[in-house]
Amino acid sequence: MAGISRTVPAWSRGAIAIGAMAVVLAACGSGKTGSGSGDAAGRLSGRGPITLAQGKDTSGNVQNQVNTWNSRHPKEQVRLIELPEDADAQRQQMVQNAQTKSDAYTVLNLDVVWTSEFAANRWITPLPKAQFDLSKFLPPTVQTATYRDQLYAAPWKTDAGLLYYRTDLLKKAGISAPPKTWDEMKTDCGKVKGVNCYAGQFDKYEGLTCNFSEAVDSAGGVVVDDQGKPDVNTPQAKQGLDFLVQGFKSGLIPKEAITYQEEPARRAFEKGNLLFLRQWPYQWALSNKPGSSKVVGKFDVAPLPGLGGPGAPTLGGHNLAISAFAKNKATALDFISFLTSENTERANLLASSEAPTLASLYGDPELRKKFPYLPVLKASLLNAKPRPKAVRYGDVTAAIQEDAYAALTGKMTSDQALADLQNKLGQLIQP
């Protein structure tokens, strides 16, 4: 997610059965119970109570994981601190905590695009690579947790945008497969009456950065090129942005979607108001939950459509880092190892449908039977494009949001918005 993060939200409730936690390297902790913040070299020392700071736990499953840990570690209890649902507000509170050098937050659940910023500012502590078998994680997730070849976080949950679509309505209209292009999606919508066509996350927040980036990438453009240079004022980027701008003008995208973040978009789909929705994987379980969703068993997911074929989703997700100002960092490292172990990630997928970072889980027969979309999700994750990896990411995403929102609301033309954004990014991003 943006994002939820998400990024972004989680999914259904469920009990967790978790296996044994990996043994912690002796060099990473004191082995004693008590407080300690680690020395100036970033050594991970100190054992005792810690906190986990993250956005609102919409699934309730993070608390289940915390409870499992706490039952096994009575002298090293974890307390969950829930920050606002909005990703930008989460980041702001974490930044404020770091700037005041507060020890209130121990483990930080960071949106993947925040890792570089927090590492560059020395707000988080480097992690020992030997603690984690990085070869077992999906390669894109490891890249998001690394800054200047140093591991600063552990990949915990990953995300890539998917197209949720109403199978029942398409079938009734004689449509046998989900659209692969934007034009196909428009044609499909013309055949289905009484429901809005398409929506995503278009409020002025991190989700808009993801949706804008996906539109640009899916039209063959880029926001930032492979050399780290902004290159968003191009015909390809204009085609991507115009898909969204014209969508609002034509009614392809309902006007109320300009206020949509992840949860309002999810609720609109579950009420039966949308034929297609761009959304993160977490929605699968919630939309299949009897009683609260009107579309149970009536939808499926597919790769996002693009200009001339399948689109390029934005890579989302969350990494776990240790605050540089925290106490009991050895306990924090143990806790991160516990959350990112195969048993825990597997149990979390079963309970919440959140996308795991461990590659082996995508081929697990039991999991694929329960979550038939896993092959589609894995392909989307491996095809996903990262958002700009910038030290000043907060300023970068604010610039993207401002100009994209201005174009969607008609305050700027697409040409004006992209030219303005190119100028801003050129000043903010240094290759």
# chains A, B, ... in the order shown; residues from 1 in each chain; ligands from 1

$ residues_around --residues "Arg79 of chain A" --least-positions-apart "5" --cutoff "12 Å" --atoms "only C-alpha atoms" --output "PDB file with C-alpha atoms, in the first residue's frame"
ATOM      1  CA  GLY A  48      13.166  -5.060  27.418  1.00  0.00           C
ATOM      2  CA  PRO A  49       9.802  -3.563  26.395  1.00  0.00           C
ATOM      3  CA  ILE A  50       9.525  -1.981  22.954  1.00  0.00           C
ATOM      4  CA  THR A  51       6.894  -0.391  20.721  1.00  0.00           C
ATOM      5  CA  LEU A  52       5.800  -0.924  17.111  1.00  0.00           C
ATOM      6  CA  ALA A  53       4.673   2.287  15.413  1.00  0.00           C
ATOM      7  CA  GLN A  54       2.563   1.997  12.268  1.00  0.00           C
ATOM      8  CA  VAL A  62      -0.942  -7.038  13.661  1.00  0.00           C
ATOM      9  CA  GLN A  63      -2.234  -7.023  17.213  1.00  0.00           C
ATOM     10  CA  ASN A  64      -2.641 -10.803  16.949  1.00  0.00           C
ATOM     11  CA  GLN A  65       1.022 -11.094  15.981  1.00  0.00           C
ATOM     12  CA  VAL A  66       2.035  -8.812  18.831  1.00  0.00           C
ATOM     13  CA  ASN A  67      -0.015 -10.910  21.235  1.00  0.00           C
ATOM     14  CA  TRP A  69       5.137 -12.489  20.632  1.00  0.00           C
ATOM     15  CA  ASN A  70       4.119 -11.135  24.041  1.00  0.00           C
ATOM     16  CA  ALA A 104       8.751   6.560  22.045  1.00  0.00           C
ATOM     17  CA  TYR A 105       8.908   4.532  18.815  1.00  0.00           C
ATOM     18  CA  THR A 106      11.176   1.480  18.670  1.00  0.00           C
ATOM     19  CA  VAL A 107      10.261  -0.460  15.524  1.00  0.00           C
ATOM     20  CA  ALA A 332      13.629  -4.950  18.402  1.00  0.00           C
ATOM     21  CA  PHE A 335      10.923  -8.953  16.967  1.00  0.00           C
TER      22      PHE A 335
END

$ closest_atom_pairs --of "segment 160-207 of chain A" --to "segment 405-426 of chain A" --cutoff "8 Å" --atoms "only C-alpha atoms" --output "Markdown table"
| residue | atom | partner | partner_atom | distance |
| --- | --- | --- | --- | --- |
| A:Phe202 | CA | A:Tyr405 | CA | 7.6 |
| A:Asp203 | CA | A:Tyr405 | CA | 7.7 |
| A:Lys204 | CA | A:Tyr405 | CA | 6.3 |

$ write_last_selection --atoms "N, CA and C atoms" --output "PDB file, in the first residue's frame"
ATOM      1  N   PHE A 202      -7.410   8.913  -5.608  1.00  0.00           N
ATOM      2  CA  PHE A 202      -7.100  10.194  -6.251  1.00  0.00           C
ATOM      3  C   PHE A 202      -7.150  11.384  -5.302  1.00  0.00           C
ATOM      4  N   ASP A 203      -7.323  11.130  -4.021  1.00  0.00           N
ATOM      5  CA  ASP A 203      -7.221  12.216  -3.054  1.00  0.00           C
ATOM      6  C   ASP A 203      -5.786  12.728  -3.060  1.00  0.00           C
ATOM      7  N   LYS A 204      -5.581  13.895  -2.496  1.00  0.00           N
ATOM      8  CA  LYS A 204      -4.257  14.526  -2.508  1.00  0.00           C
ATOM      9  C   LYS A 204      -3.416  13.971  -1.363  1.00  0.00           C
TER      10      LYS A 204
END

$ residues_around --residues "Leu170 of chain A" --least-positions-apart "3" --cutoff "10 Å" --atoms "only C-alpha atoms" --output "list in words"
Tyr165, Arg166, Thr167, Ala173, Gly174, Ile175, Ser176, Ala177, Pro178, Asp188, Cys189, Lys191, Val192, Leu275 and Phe299 of chain A

$ atom_distance --atom1 "atom CA of Asn319 of chain A" --atom2 "atom CA of Leu83 of chain A"
15.7 Å

$ select_by_dssp --residues "segment 197-307 of chain A" --states "strand (DSSP E)" --output "list of chain:residue names"
A:Cys197, A:Tyr198, A:Ala199, A:Leu274, A:Leu275, A:Phe276, A:Leu277, A:Arg278, A:Gln279, A:Phe299, A:Asp300, A:Val301, A:Ala302

$ closest_residue --among "A:Thr209, A:Ser323, A:Asn233, A:Gln131" --to "Ser337 of chain A" --atoms "only C-alpha atoms"
A:Gln131

$ closest_residue --among "A:Ala390, A:Leu252, A:Asn273, A:Gln201" --to "Met185 of chain A" --atoms "only C-alpha atoms"
A:Leu252

$ closest_residue --among "A:Lys193, A:Arg266, A:Lys180, A:Lys171" --to "Gly309 of chain A" --atoms "only C-alpha atoms"
A:Lys180

$ select_by_dssp --residues "segment 341-416 of chain A" --states "alpha helix (DSSP H)" --output "JSON, numbers by chain"
{"A": [342, 343, 344, 345, 346, 347, 348, 349, 350, 351, 352, 365, 366, 367, 368, 369, 370, 374, 375, 376, 377, 378, 379, 380, 381, 382, 383, 393, 394, 395, 396, 397, 398, 399, 400, 401, 402, 403, 404, 405, 406, 407, 408, 414, 415, 416]}

$ write_last_selection --atoms "N, CA and C atoms" --output "compact mmCIF listing (two decimals), in the first residue's frame"
# COMPACT_ATOMS: atom_id res chain seq x y z
N GLU A 342 9.29 -17.10 7.87
CA GLU A 342 8.37 -17.76 6.93
C GLU A 342 7.07 -18.18 7.61
N ASN A 343 7.16 -18.73 8.83
CA ASN A 343 5.95 -19.15 9.53
C ASN A 343 5.03 -17.98 9.82
N THR A 344 5.61 -16.86 10.23
CA THR A 344 4.78 -15.70 10.56
C THR A 344 4.17 -15.08 9.32
N GLU A 345 4.98 -14.94 8.25
CA GLU A 345 4.44 -14.35 7.03
C GLU A 345 3.35 -15.24 6.43
N ARG A 346 3.54 -16.54 6.51
CA ARG A 346 2.53 -17.45 5.99
C ARG A 346 1.23 -17.33 6.77
N ALA A 347 1.35 -17.29 8.10
CA ALA A 347 0.17 -17.16 8.94
C ALA A 347 -0.52 -15.83 8.70
N ASN A 348 0.27 -14.79 8.47
CA ASN A 348 -0.33 -13.48 8.23
C ASN A 348 -1.08 -13.45 6.90
N LEU A 349 -0.53 -14.10 5.88
CA LEU A 349 -1.23 -14.18 4.60
C LEU A 349 -2.56 -14.90 4.77
N LEU A 350 -2.57 -16.00 5.50
CA LEU A 350 -3.81 -16.74 5.71
C LEU A 350 -4.84 -15.92 6.48
N ALA A 351 -4.36 -15.11 7.41
CA ALA A 351 -5.28 -14.34 8.24
C ALA A 351 -5.71 -13.03 7.62
N SER A 352 -4.83 -12.43 6.79
CA SER A 352 -5.11 -11.06 6.35
C SER A 352 -5.06 -10.87 4.84
N PRO A 365 1.14 -24.67 -2.44
CA PRO A 365 -0.13 -25.18 -2.98
C PRO A 365 -1.35 -24.80 -2.13
N GLU A 366 -1.22 -24.90 -0.80
CA GLU A 366 -2.35 -24.55 0.05
C GLU A 366 -2.73 -23.08 -0.08
N LEU A 367 -1.72 -22.24 -0.12
CA LEU A 367 -1.97 -20.81 -0.23
C LEU A 367 -2.56 -20.46 -1.59
N ARG A 368 -2.07 -21.10 -2.65
CA ARG A 368 -2.60 -20.80 -3.97
C ARG A 368 -4.04 -21.29 -4.13
N LYS A 369 -4.39 -22.34 -3.41
CA LYS A 369 -5.77 -22.80 -3.45
C LYS A 369 -6.69 -21.80 -2.76
N LYS A 370 -6.23 -21.24 -1.65
CA LYS A 370 -7.04 -20.28 -0.90
C LYS A 370 -7.04 -18.91 -1.56
N LEU A 374 -2.63 -15.39 -6.40
CA LEU A 374 -1.21 -15.25 -6.06
C LEU A 374 -0.28 -15.22 -7.28
N PRO A 375 -0.50 -16.06 -8.30
CA PRO A 375 0.37 -15.96 -9.48
C PRO A 375 0.27 -14.59 -10.17
N VAL A 376 -0.95 -14.05 -10.24
CA VAL A 376 -1.13 -12.72 -10.84
C VAL A 376 -0.41 -11.67 -9.99
N LEU A 377 -0.53 -11.80 -8.69
CA LEU A 377 0.11 -10.86 -7.78
C LEU A 377 1.62 -10.92 -7.90
N LYS A 378 2.18 -12.13 -7.92
CA LYS A 378 3.64 -12.25 -8.03
C LYS A 378 4.15 -11.63 -9.32
N ALA A 379 3.44 -11.89 -10.42
CA ALA A 379 3.85 -11.31 -11.70
C ALA A 379 3.78 -9.78 -11.64
N SER A 380 2.75 -9.26 -10.99
CA SER A 380 2.61 -7.81 -10.87
C SER A 380 3.73 -7.23 -10.01
N LEU A 381 4.08 -7.94 -8.95
CA LEU A 381 5.15 -7.47 -8.07
C LEU A 381 6.48 -7.42 -8.81
N LEU A 382 6.76 -8.46 -9.59
CA LEU A 382 8.03 -8.50 -10.31
C LEU A 382 8.06 -7.49 -11.46
N ASN A 383 6.88 -7.06 -11.90
CA ASN A 383 6.77 -6.08 -12.98
C ASN A 383 6.59 -4.66 -12.43
N TYR A 393 12.21 12.56 -0.08
CA TYR A 393 11.01 11.97 -0.67
C TYR A 393 9.75 12.71 -0.26
N GLY A 394 9.69 13.21 0.96
CA GLY A 394 8.50 13.94 1.38
C GLY A 394 8.21 15.12 0.48
N ASP A 395 9.24 15.84 0.06
CA ASP A 395 9.06 16.97 -0.85
C ASP A 395 8.72 16.49 -2.26
N VAL A 396 9.33 15.38 -2.66
CA VAL A 396 9.08 14.83 -3.99
C VAL A 396 7.63 14.41 -4.15
N THR A 397 7.13 13.64 -3.19
CA THR A 397 5.74 13.17 -3.31
C THR A 397 4.76 14.32 -3.18
N ALA A 398 5.09 15.34 -2.38
CA ALA A 398 4.21 16.50 -2.26
C ALA A 398 4.11 17.23 -3.59
N ALA A 399 5.23 17.33 -4.31
CA ALA A 399 5.22 17.99 -5.61
C ALA A 399 4.38 17.20 -6.62
N ILE A 400 4.54 15.87 -6.62
CA ILE A 400 3.74 15.03 -7.52
C ILE A 400 2.26 15.17 -7.22
N GLN A 401 1.92 15.10 -5.94
CA GLN A 401 0.51 15.21 -5.55
C GLN A 401 -0.08 16.56 -5.95
N GLU A 402 0.66 17.61 -5.73
CA GLU A 402 0.15 18.95 -6.03
C GLU A 402 -0.17 19.13 -7.51
N ASP A 403 0.76 18.74 -8.36
CA ASP A 403 0.55 18.96 -9.79
C ASP A 403 -0.42 17.95 -10.40
N ALA A 404 -0.36 16.71 -9.95
CA ALA A 404 -1.31 15.73 -10.46
C ALA A 404 -2.74 16.10 -10.06
N TYR A 405 -2.90 16.51 -8.82
CA TYR A 405 -4.23 16.89 -8.32
C TYR A 405 -4.75 18.12 -9.08
N ALA A 406 -3.85 19.06 -9.35
CA ALA A 406 -4.26 20.26 -10.10
C ALA A 406 -4.76 19.89 -11.48
N ALA A 407 -4.12 18.90 -12.11
CA ALA A 407 -4.57 18.47 -13.44
C ALA A 407 -5.90 17.73 -13.36
N LEU A 408 -6.07 16.87 -12.37
CA LEU A 408 -7.32 16.11 -12.24
C LEU A 408 -8.51 17.00 -11.93
N SER A 414 -2.78 19.29 -18.49
CA SER A 414 -1.77 18.26 -18.33
C SER A 414 -0.39 18.78 -18.69
N ASP A 415 -0.32 19.58 -19.76
CA ASP A 415 0.97 20.13 -20.18
C ASP A 415 1.56 21.02 -19.09
N GLN A 416 0.73 21.89 -18.53
CA GLN A 416 1.21 22.78 -17.47
C GLN A 416 1.66 22.00 -16.24

$ atom_distance --atom1 "atom CA of Val113 of chain A" --atom2 "atom CA of His318 of chain A"
8.6 Å

$ atom_distance --atom1 "atom CA of Asp111 of chain A" --atom2 "atom CA of Glu262 of chain A"
14.7 Å

$ decode --residues "segment 355-367 of chain A" --atoms "C-alpha atoms" --output "tab-separated table (two decimals), in the first residue's frame"
chain	number	residue	atom	x	y	z
A	355	ALA	CA	1.16	-9.88	0.20
A	356	PRO	CA	4.22	-11.56	1.76
A	357	THR	CA	7.79	-10.63	0.89
A	358	LEU	CA	9.09	-14.22	0.89
A	359	ALA	CA	9.10	-15.68	-2.63
A	360	SER	CA	8.45	-19.30	-1.56
A	361	LEU	CA	4.97	-18.50	-0.26
A	362	TYR	CA	3.71	-17.64	-3.74
A	363	GLY	CA	4.22	-21.25	-4.84
A	364	ASP	CA	2.71	-22.87	-1.75
A	365	PRO	CA	-0.13	-25.18	-2.98
A	366	GLU	CA	-2.35	-24.55	0.05
A	367	LEU	CA	-1.97	-20.81	-0.23
